[in-house]
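Source file: model.cif; contents: mmCIF, C-alpha atoms, pLDDT in the B column; chains and numbers go by the auth columns.
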```cif
data_protein
loop_
_atom_site.group_PDB
_atom_site.id
_atom_site.type_symbol
_atom_site.label_atom_id
_atom_site.label_comp_id
_atom_site.label_asym_id
_atom_site.label_seq_id
_atom_site.Cartn_x
_atom_site.Cartn_y
_atom_site.Cartn_z
_atom_site.B_iso_or_equiv
_atom_site.auth_seq_id
_atom_site.auth_asym_id
ATOM 1 C CA MET A 1 9.383 -57.459 -53.562 68.00 1 K
ATOM 2 C CA LEU A 2 7.222 -57.866 -50.457 77.00 2 K
ATOM 3 C CA SER A 3 8.437 -61.428 -49.943 78.00 3 K
ATOM 4 C CA THR A 4 12.058 -60.241 -50.117 85.00 4 K
ATOM 5 C CA ALA A 5 11.412 -57.608 -47.460 89.00 5 K
ATOM 6 C CA LEU A 6 9.575 -60.135 -45.303 91.00 6 K
ATOM 7 C CA ASN A 7 12.394 -62.629 -45.801 89.00 7 K
ATOM 8 C CA PHE A 8 14.916 -60.012 -44.619 94.00 8 K
ATOM 9 C CA LEU A 9 12.775 -59.006 -41.634 95.00 9 K
ATOM 10 C CA LEU A 10 12.186 -62.587 -40.461 94.00 10 K
ATOM 11 C CA SER A 11 15.848 -63.518 -40.918 94.00 11 K
ATOM 12 C CA THR A 12 16.975 -60.482 -38.942 96.00 12 K
ATOM 13 C CA ILE A 13 14.562 -61.022 -36.047 97.00 13 K
ATOM 14 C CA PHE A 14 15.077 -64.779 -35.735 97.00 14 K
ATOM 15 C CA ASN A 15 18.876 -64.559 -36.120 96.00 15 K
ATOM 16 C CA LEU A 16 19.109 -61.833 -33.461 97.00 16 K
ATOM 17 C CA LEU A 17 16.978 -63.929 -31.130 97.00 17 K
ATOM 18 C CA THR A 18 19.204 -66.938 -31.774 97.00 18 K
ATOM 19 C CA LEU A 19 22.284 -64.823 -31.017 97.00 19 K
ATOM 20 C CA LEU A 20 20.739 -63.677 -27.740 97.00 20 K
ATOM 21 C CA PHE A 21 19.899 -67.237 -26.657 97.00 21 K
ATOM 22 C CA LEU A 22 23.413 -68.435 -27.504 97.00 22 K
ATOM 23 C CA LEU A 23 25.013 -65.443 -25.835 96.00 23 K
ATOM 24 C CA ARG A 24 23.079 -66.243 -22.667 95.00 24 K
ATOM 25 C CA PHE A 25 24.150 -69.884 -22.918 96.00 25 K
ATOM 26 C CA PHE A 26 27.842 -69.020 -23.238 95.00 26 K
ATOM 27 C CA LEU A 27 27.686 -66.338 -20.533 94.00 27 K
ATOM 28 C CA GLN A 28 26.363 -68.989 -18.139 93.00 28 K
ATOM 29 C CA LEU A 29 28.740 -71.690 -19.364 93.00 29 K
ATOM 30 C CA PHE A 30 31.862 -69.541 -19.005 93.00 30 K
ATOM 31 C CA LYS A 31 30.666 -68.005 -15.717 90.00 31 K
ATOM 32 C CA ALA A 32 30.712 -64.421 -16.920 88.00 32 K
ATOM 33 C CA PRO A 33 29.934 -61.819 -14.257 87.00 33 K
ATOM 34 C CA PHE A 34 26.177 -61.308 -14.143 84.00 34 K
ATOM 35 C CA ASN A 35 26.308 -57.942 -12.384 87.00 35 K
ATOM 36 C CA ASN A 36 27.140 -56.302 -15.690 88.00 36 K
ATOM 37 C CA PRO A 37 24.953 -54.163 -17.981 89.00 37 K
ATOM 38 C CA LEU A 38 25.550 -56.448 -20.978 89.00 38 K
ATOM 39 C CA THR A 39 24.657 -59.657 -19.180 91.00 39 K
ATOM 40 C CA TYR A 40 21.707 -57.997 -17.503 92.00 40 K
ATOM 41 C CA MET A 41 20.413 -56.886 -20.912 94.00 41 K
ATOM 42 C CA VAL A 42 20.821 -60.391 -22.402 94.00 42 K
ATOM 43 C CA VAL A 43 19.052 -62.017 -19.458 93.00 43 K
ATOM 44 C CA SER A 44 16.241 -59.447 -19.559 94.00 44 K
ATOM 45 C CA LEU A 45 15.681 -59.918 -23.295 96.00 45 K
ATOM 46 C CA THR A 46 15.631 -63.716 -23.129 96.00 46 K
ATOM 47 C CA ASP A 47 13.787 -64.362 -19.857 95.00 47 K
ATOM 48 C CA PHE A 48 10.401 -64.400 -21.636 95.00 48 K
ATOM 49 C CA ALA A 49 11.317 -67.704 -23.295 95.00 49 K
ATOM 50 C CA VAL A 50 14.019 -69.183 -21.078 95.00 50 K
ATOM 51 C CA LYS A 51 12.004 -69.285 -17.843 94.00 51 K
ATOM 52 C CA PRO A 52 9.122 -71.348 -19.332 95.00 52 K
ATOM 53 C CA ALA A 53 11.554 -73.527 -21.301 95.00 53 K
ATOM 54 C CA ARG A 54 13.446 -74.451 -18.131 93.00 54 K
ATOM 55 C CA ARG A 55 10.297 -76.106 -16.807 93.00 55 K
ATOM 56 C CA ILE A 56 10.257 -78.395 -19.846 94.00 56 K
ATOM 57 C CA VAL A 57 13.971 -78.899 -20.573 92.00 57 K
ATOM 58 C CA PRO A 58 16.111 -79.368 -17.447 88.00 58 K
ATOM 59 C CA SER A 59 19.774 -78.493 -17.211 88.00 59 K
ATOM 60 C CA TRP A 60 22.348 -81.197 -17.699 90.00 60 K
ATOM 61 C CA GLY A 61 24.857 -80.637 -14.936 87.00 61 K
ATOM 62 C CA LYS A 62 25.961 -77.037 -15.336 84.00 62 K
ATOM 63 C CA ILE A 63 24.870 -76.870 -18.980 89.00 63 K
ATOM 64 C CA ASP A 64 21.631 -74.985 -19.567 91.00 64 K
ATOM 65 C CA LEU A 65 20.028 -77.076 -22.309 94.00 65 K
ATOM 66 C CA SER A 66 16.898 -74.900 -22.450 94.00 66 K
ATOM 67 C CA THR A 67 18.739 -71.963 -24.040 96.00 67 K
ATOM 68 C CA LEU A 68 20.353 -74.258 -26.609 95.00 68 K
ATOM 69 C CA MET A 69 16.963 -75.788 -27.391 96.00 69 K
ATOM 70 C CA LEU A 70 15.473 -72.308 -27.806 97.00 70 K
ATOM 71 C CA ALA A 71 18.240 -71.350 -30.240 97.00 71 K
ATOM 72 C CA LEU A 72 17.555 -74.489 -32.283 96.00 72 K
ATOM 73 C CA VAL A 73 13.776 -73.978 -32.218 97.00 73 K
ATOM 74 C CA THR A 74 14.233 -70.355 -33.289 97.00 74 K
ATOM 75 C CA GLN A 75 16.321 -71.447 -36.273 96.00 75 K
ATOM 76 C CA LEU A 76 13.833 -74.198 -37.099 95.00 76 K
ATOM 77 C CA LEU A 77 10.999 -71.651 -37.137 95.00 77 K
ATOM 78 C CA LEU A 78 13.081 -69.369 -39.340 94.00 78 K
ATOM 79 C CA GLN A 79 13.818 -72.121 -41.869 90.00 79 K
ATOM 80 C CA PHE A 80 10.177 -73.189 -41.930 87.00 80 K
ATOM 81 C CA CYS A 81 9.013 -69.578 -42.473 88.00 81 K
ATOM 82 C CA LEU A 82 11.548 -69.051 -45.268 86.00 82 K
ATOM 83 C CA LEU A 83 10.313 -72.190 -47.043 81.00 83 K
ATOM 84 C CA TRP A 84 6.727 -71.083 -46.570 80.00 84 K
ATOM 85 C CA LEU A 85 7.555 -67.706 -48.129 81.00 85 K
ATOM 86 C CA ARG A 86 8.931 -69.531 -51.187 78.00 86 K
ATOM 87 C CA ASP A 87 5.512 -71.230 -51.594 72.00 87 K
ATOM 88 C CA LEU A 88 7.120 -74.643 -51.332 64.00 88 K
ATOM 89 C CA PRO A 89 4.412 -77.304 -50.864 62.00 89 K
ATOM 90 C CA ILE A 90 5.913 -78.860 -47.752 59.00 90 K
ATOM 91 C CA SER A 91 3.319 -81.618 -47.522 58.00 91 K
ATOM 92 C CA LEU A 92 4.120 -82.781 -51.071 54.00 92 K
ATOM 93 C CA VAL A 93 7.908 -82.793 -50.755 58.00 93 K
ATOM 94 C CA GLY A 94 8.082 -85.690 -48.327 64.00 94 K
ATOM 95 C CA ASN A 95 10.176 -86.656 -45.354 69.00 95 K
ATOM 96 C CA ALA A 96 13.471 -85.453 -46.840 68.00 96 K
ATOM 97 C CA ILE A 97 12.366 -81.879 -46.229 75.00 97 K
ATOM 98 C CA TRP A 98 12.286 -82.409 -42.462 78.00 98 K
ATOM 99 C CA ALA A 99 15.824 -83.765 -42.332 80.00 99 K
ATOM 100 C CA SER A 100 16.945 -80.843 -44.443 82.00 100 K
ATOM 101 C CA LEU A 101 15.075 -78.357 -42.217 86.00 101 K
ATOM 102 C CA ILE A 102 16.741 -79.759 -39.107 90.00 102 K
ATOM 103 C CA GLY A 103 20.115 -79.706 -40.854 89.00 103 K
ATOM 104 C CA MET A 104 19.658 -76.074 -41.929 90.00 104 K
ATOM 105 C CA SER A 105 18.586 -75.197 -38.372 93.00 105 K
ATOM 106 C CA LEU A 106 21.675 -76.839 -36.887 94.00 106 K
ATOM 107 C CA LEU A 107 23.863 -74.982 -39.375 93.00 107 K
ATOM 108 C CA GLY A 108 22.106 -71.747 -38.409 94.00 108 K
ATOM 109 C CA VAL A 109 22.912 -72.404 -34.753 96.00 109 K
ATOM 110 C CA PHE A 110 26.566 -73.198 -35.557 96.00 110 K
ATOM 111 C CA ARG A 111 26.840 -70.047 -37.656 95.00 111 K
ATOM 112 C CA ALA A 112 25.365 -68.023 -34.785 96.00 112 K
ATOM 113 C CA ILE A 113 27.879 -69.602 -32.372 96.00 113 K
ATOM 114 C CA LEU A 114 30.695 -68.530 -34.669 96.00 114 K
ATOM 115 C CA ASP A 115 29.151 -65.050 -34.842 95.00 115 K
ATOM 116 C CA VAL A 116 28.983 -64.779 -31.041 96.00 116 K
ATOM 117 C CA PHE A 117 32.695 -65.463 -30.731 96.00 117 K
ATOM 118 C CA PHE A 118 33.651 -63.403 -33.792 97.00 118 K
ATOM 119 C CA TYR A 119 31.883 -60.284 -32.567 96.00 119 K
ATOM 120 C CA ALA A 120 33.007 -60.780 -28.957 96.00 120 K
ATOM 121 C CA ILE A 121 36.643 -60.970 -30.055 97.00 121 K
ATOM 122 C CA LEU A 122 36.252 -58.030 -32.424 96.00 122 K
ATOM 123 C CA LEU A 123 34.559 -55.902 -29.764 95.00 123 K
ATOM 124 C CA GLN A 124 37.209 -56.849 -27.217 94.00 124 K
ATOM 125 C CA VAL A 125 39.970 -55.773 -29.616 93.00 125 K
ATOM 126 C CA ILE A 126 38.274 -52.448 -30.354 94.00 126 K
ATOM 127 C CA LEU A 127 37.621 -51.761 -26.672 93.00 127 K
ATOM 128 C CA SER A 128 41.236 -52.602 -25.793 88.00 128 K
ATOM 129 C CA TRP A 129 42.300 -49.684 -27.996 89.00 129 K
ATOM 130 C CA VAL A 130 39.523 -47.238 -27.136 92.00 130 K
ATOM 131 C CA SER A 131 38.468 -47.981 -23.554 87.00 131 K
ATOM 132 C CA PRO A 132 40.345 -50.880 -21.959 83.00 132 K
ATOM 133 C CA HIS A 133 38.557 -50.499 -18.615 87.00 133 K
ATOM 134 C CA SER A 134 35.041 -50.572 -20.046 88.00 134 K
ATOM 135 C CA PRO A 135 32.322 -52.174 -17.876 87.00 135 K
ATOM 136 C CA ILE A 136 31.809 -54.959 -20.415 91.00 136 K
ATOM 137 C CA SER A 137 35.511 -55.867 -20.657 91.00 137 K
ATOM 138 C CA SER A 138 35.188 -58.556 -17.978 91.00 138 K
ATOM 139 C CA VAL A 139 32.253 -60.152 -19.828 93.00 139 K
ATOM 140 C CA LEU A 140 34.100 -60.112 -23.140 93.00 140 K
ATOM 141 C CA ASN A 141 37.178 -61.561 -21.463 93.00 141 K
ATOM 142 C CA SER A 142 35.067 -64.416 -20.053 93.00 142 K
ATOM 143 C CA LEU A 143 33.603 -65.123 -23.492 94.00 143 K
ATOM 144 C CA THR A 144 36.828 -64.941 -25.478 95.00 144 K
ATOM 145 C CA LYS A 145 39.255 -66.595 -23.060 95.00 145 K
ATOM 146 C CA PRO A 146 38.320 -70.196 -24.028 94.00 146 K
ATOM 147 C CA ILE A 147 38.972 -69.337 -27.688 94.00 147 K
ATOM 148 C CA LEU A 148 42.064 -67.152 -27.310 94.00 148 K
ATOM 149 C CA ALA A 149 43.915 -69.061 -24.553 93.00 149 K
ATOM 150 C CA PRO A 150 44.856 -72.104 -26.699 94.00 150 K
ATOM 151 C CA ILE A 151 46.045 -69.816 -29.501 93.00 151 K
ATOM 152 C CA GLN A 152 48.078 -67.719 -27.050 91.00 152 K
ATOM 153 C CA ARG A 153 49.842 -70.855 -25.807 92.00 153 K
ATOM 154 C CA VAL A 154 50.974 -71.687 -29.345 92.00 154 K
ATOM 155 C CA LEU A 155 51.515 -68.189 -30.751 88.00 155 K
ATOM 156 C CA PRO A 156 54.017 -66.085 -28.829 81.00 156 K
ATOM 157 C CA THR A 157 53.583 -62.334 -28.487 79.00 157 K
ATOM 158 C CA ALA A 158 55.670 -60.304 -30.898 78.00 158 K
ATOM 159 C CA GLY A 159 57.071 -57.102 -29.449 79.00 159 K
ATOM 160 C CA GLY A 160 54.421 -57.021 -26.739 78.00 160 K
ATOM 161 C CA MET A 161 51.589 -57.385 -29.277 85.00 161 K
ATOM 162 C CA ASP A 162 49.102 -60.239 -28.937 86.00 162 K
ATOM 163 C CA PHE A 163 48.092 -61.520 -32.369 91.00 163 K
ATOM 164 C CA SER A 164 45.851 -64.304 -31.081 93.00 164 K
ATOM 165 C CA PRO A 165 42.636 -62.307 -31.787 94.00 165 K
ATOM 166 C CA VAL A 166 43.649 -61.913 -35.436 94.00 166 K
ATOM 167 C CA VAL A 167 44.346 -65.636 -35.754 94.00 167 K
ATOM 168 C CA ALA A 168 41.062 -66.477 -34.025 96.00 168 K
ATOM 169 C CA LEU A 169 39.071 -64.156 -36.294 96.00 169 K
ATOM 170 C CA ILE A 170 40.670 -65.679 -39.389 96.00 170 K
ATOM 171 C CA LEU A 171 39.983 -69.234 -38.167 96.00 171 K
ATOM 172 C CA ILE A 172 36.359 -68.409 -37.349 96.00 172 K
ATOM 173 C CA GLN A 173 35.818 -66.917 -40.806 95.00 173 K
ATOM 174 C CA MET A 174 37.504 -69.911 -42.438 95.00 174 K
ATOM 175 C CA LEU A 175 35.120 -72.256 -40.618 94.00 175 K
ATOM 176 C CA ASN A 176 32.177 -70.110 -41.617 92.00 176 K
ATOM 177 C CA VAL A 177 33.136 -69.928 -45.282 90.00 177 K
ATOM 178 C CA SER A 178 34.583 -73.385 -45.895 90.00 178 K
ATOM 179 C CA VAL A 179 32.504 -75.663 -43.671 89.00 179 K
ATOM 180 C CA ILE A 180 29.188 -73.960 -42.892 88.00 180 K
ATOM 181 C CA ARG A 181 28.530 -72.528 -46.364 86.00 181 K
ATOM 182 C CA THR A 182 29.510 -75.764 -48.099 86.00 182 K
ATOM 183 C CA LEU A 183 27.161 -77.815 -45.937 86.00 183 K
ATOM 184 C CA GLU A 184 24.433 -75.213 -46.383 84.00 184 K
ATOM 185 C CA GLN A 185 24.722 -75.396 -50.190 83.00 185 K
ATOM 186 C CA GLN A 186 24.456 -79.170 -50.067 81.00 186 K
ATOM 187 C CA LEU A 187 21.307 -78.978 -47.937 75.00 187 K
ATOM 188 C CA LEU A 188 19.784 -76.312 -50.163 72.00 188 K
ATOM 189 C CA ASN A 189 20.120 -78.649 -53.132 73.00 189 K
ATOM 190 C CA VAL A 190 17.354 -80.743 -51.548 63.00 190 K
ATOM 191 C CA PHE A 191 14.918 -77.886 -52.196 57.00 191 K
#
```
Whole structure given in structure tokens:
Amino acid sequence: MLSTALNFLLSTIFNLLTLLFLLRFFLQLFKAPFNNPLTYMVVSLTDFAVKPARRIVPSWGKIDLSTLMLALVTQLLLQFCLLWLRDLPISLVGNAIWASLIGMSLLGVFRAILDVFFYAILLQVILSWVSPHSPISSVLNSLTKPILAPIQRVLPTAGGMDFSPVVALILIQMLNVSVIRTLEQQLLNVF
């Protein structure tokens, strides 16, 4: 019972931290306005790790590799802690465990990327109905535009309604269910 609660707590904390690192990465990549309460909050919550990591991992052009590395390291720590909670003798399993740990960490990062876009699109849709001129609308527009723009080019509006968010949400969930979960089950078979 205690291990289940600890498992839940660690998963929640590490996954939220991964989401924050990835959100910061995409806010920088898509040049979202940084004079916004949402972006200010994300930067404030992640500065403790990003500033020291930037000294070690430099940017590659305009891509901030340090935040991506932090997301991967966070997922790697989570996977290691979850195995440790299962009392798996890591030293006895061999080298296959490390490949599987890295694979599970990469899948965790990809799942978090899908979650960033899923929740950004969902929040943008809700805010468009409730408060279209919300202060975070410009940030959400910056995040969702690279996903929604290609769909909007293919899918015409019907009666003034834009169905591209619905299509994007369905595609994101399909990727999550069909690709990510399948690969995750294959990697879990190693354990």
Go through range 100-171 of chain K and flag each residue having an atom no more than 8 Å from range 20-23 of chain K; for those, report the closest pair of atoms plus their distance in Å to one decimal, using only C-alpha atoms, ordered by chain and rising number, as CSV.
```
residue,atom,partner,partner_atom,distance
K:Ala112,CA,K:Leu22,CA,7.5
K:Ile113,CA,K:Leu22,CA,6.7
K:Val116,CA,K:Leu23,CA,6.6
```
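With only C-alpha atoms as the atoms that count, the residue of K:Tyr40, K:Phe117, K:Phe80, K:Phe30 with the shortest distance to Ser100 in chain K is K:Phe80.
Using only C-alpha atoms, the residues found no farther than 10 Å from Val73 in chain K, other than those of its own chain fewer than 6 positions away, are Phe14, Thr18, Thr67, Gln79, Ile102, Ser105, Leu106 and Val109 of chain K.
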Q | Pick from K:Leu17, K:Ile180, K:Leu188, K:Ala49 nearest to Ala99 in chain K, counting only C-alpha atoms | A |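 Going through K:Leu17, K:Ile180, K:Leu188, K:Ala49 one by one, the smallest distance to Ala99 in chain K is for K:Leu188.
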Q.
What's the separation between CA of Arg24 in chain K and CA of Trp129 in chain K, in Å to one decimal place?
A. 25.9 Å
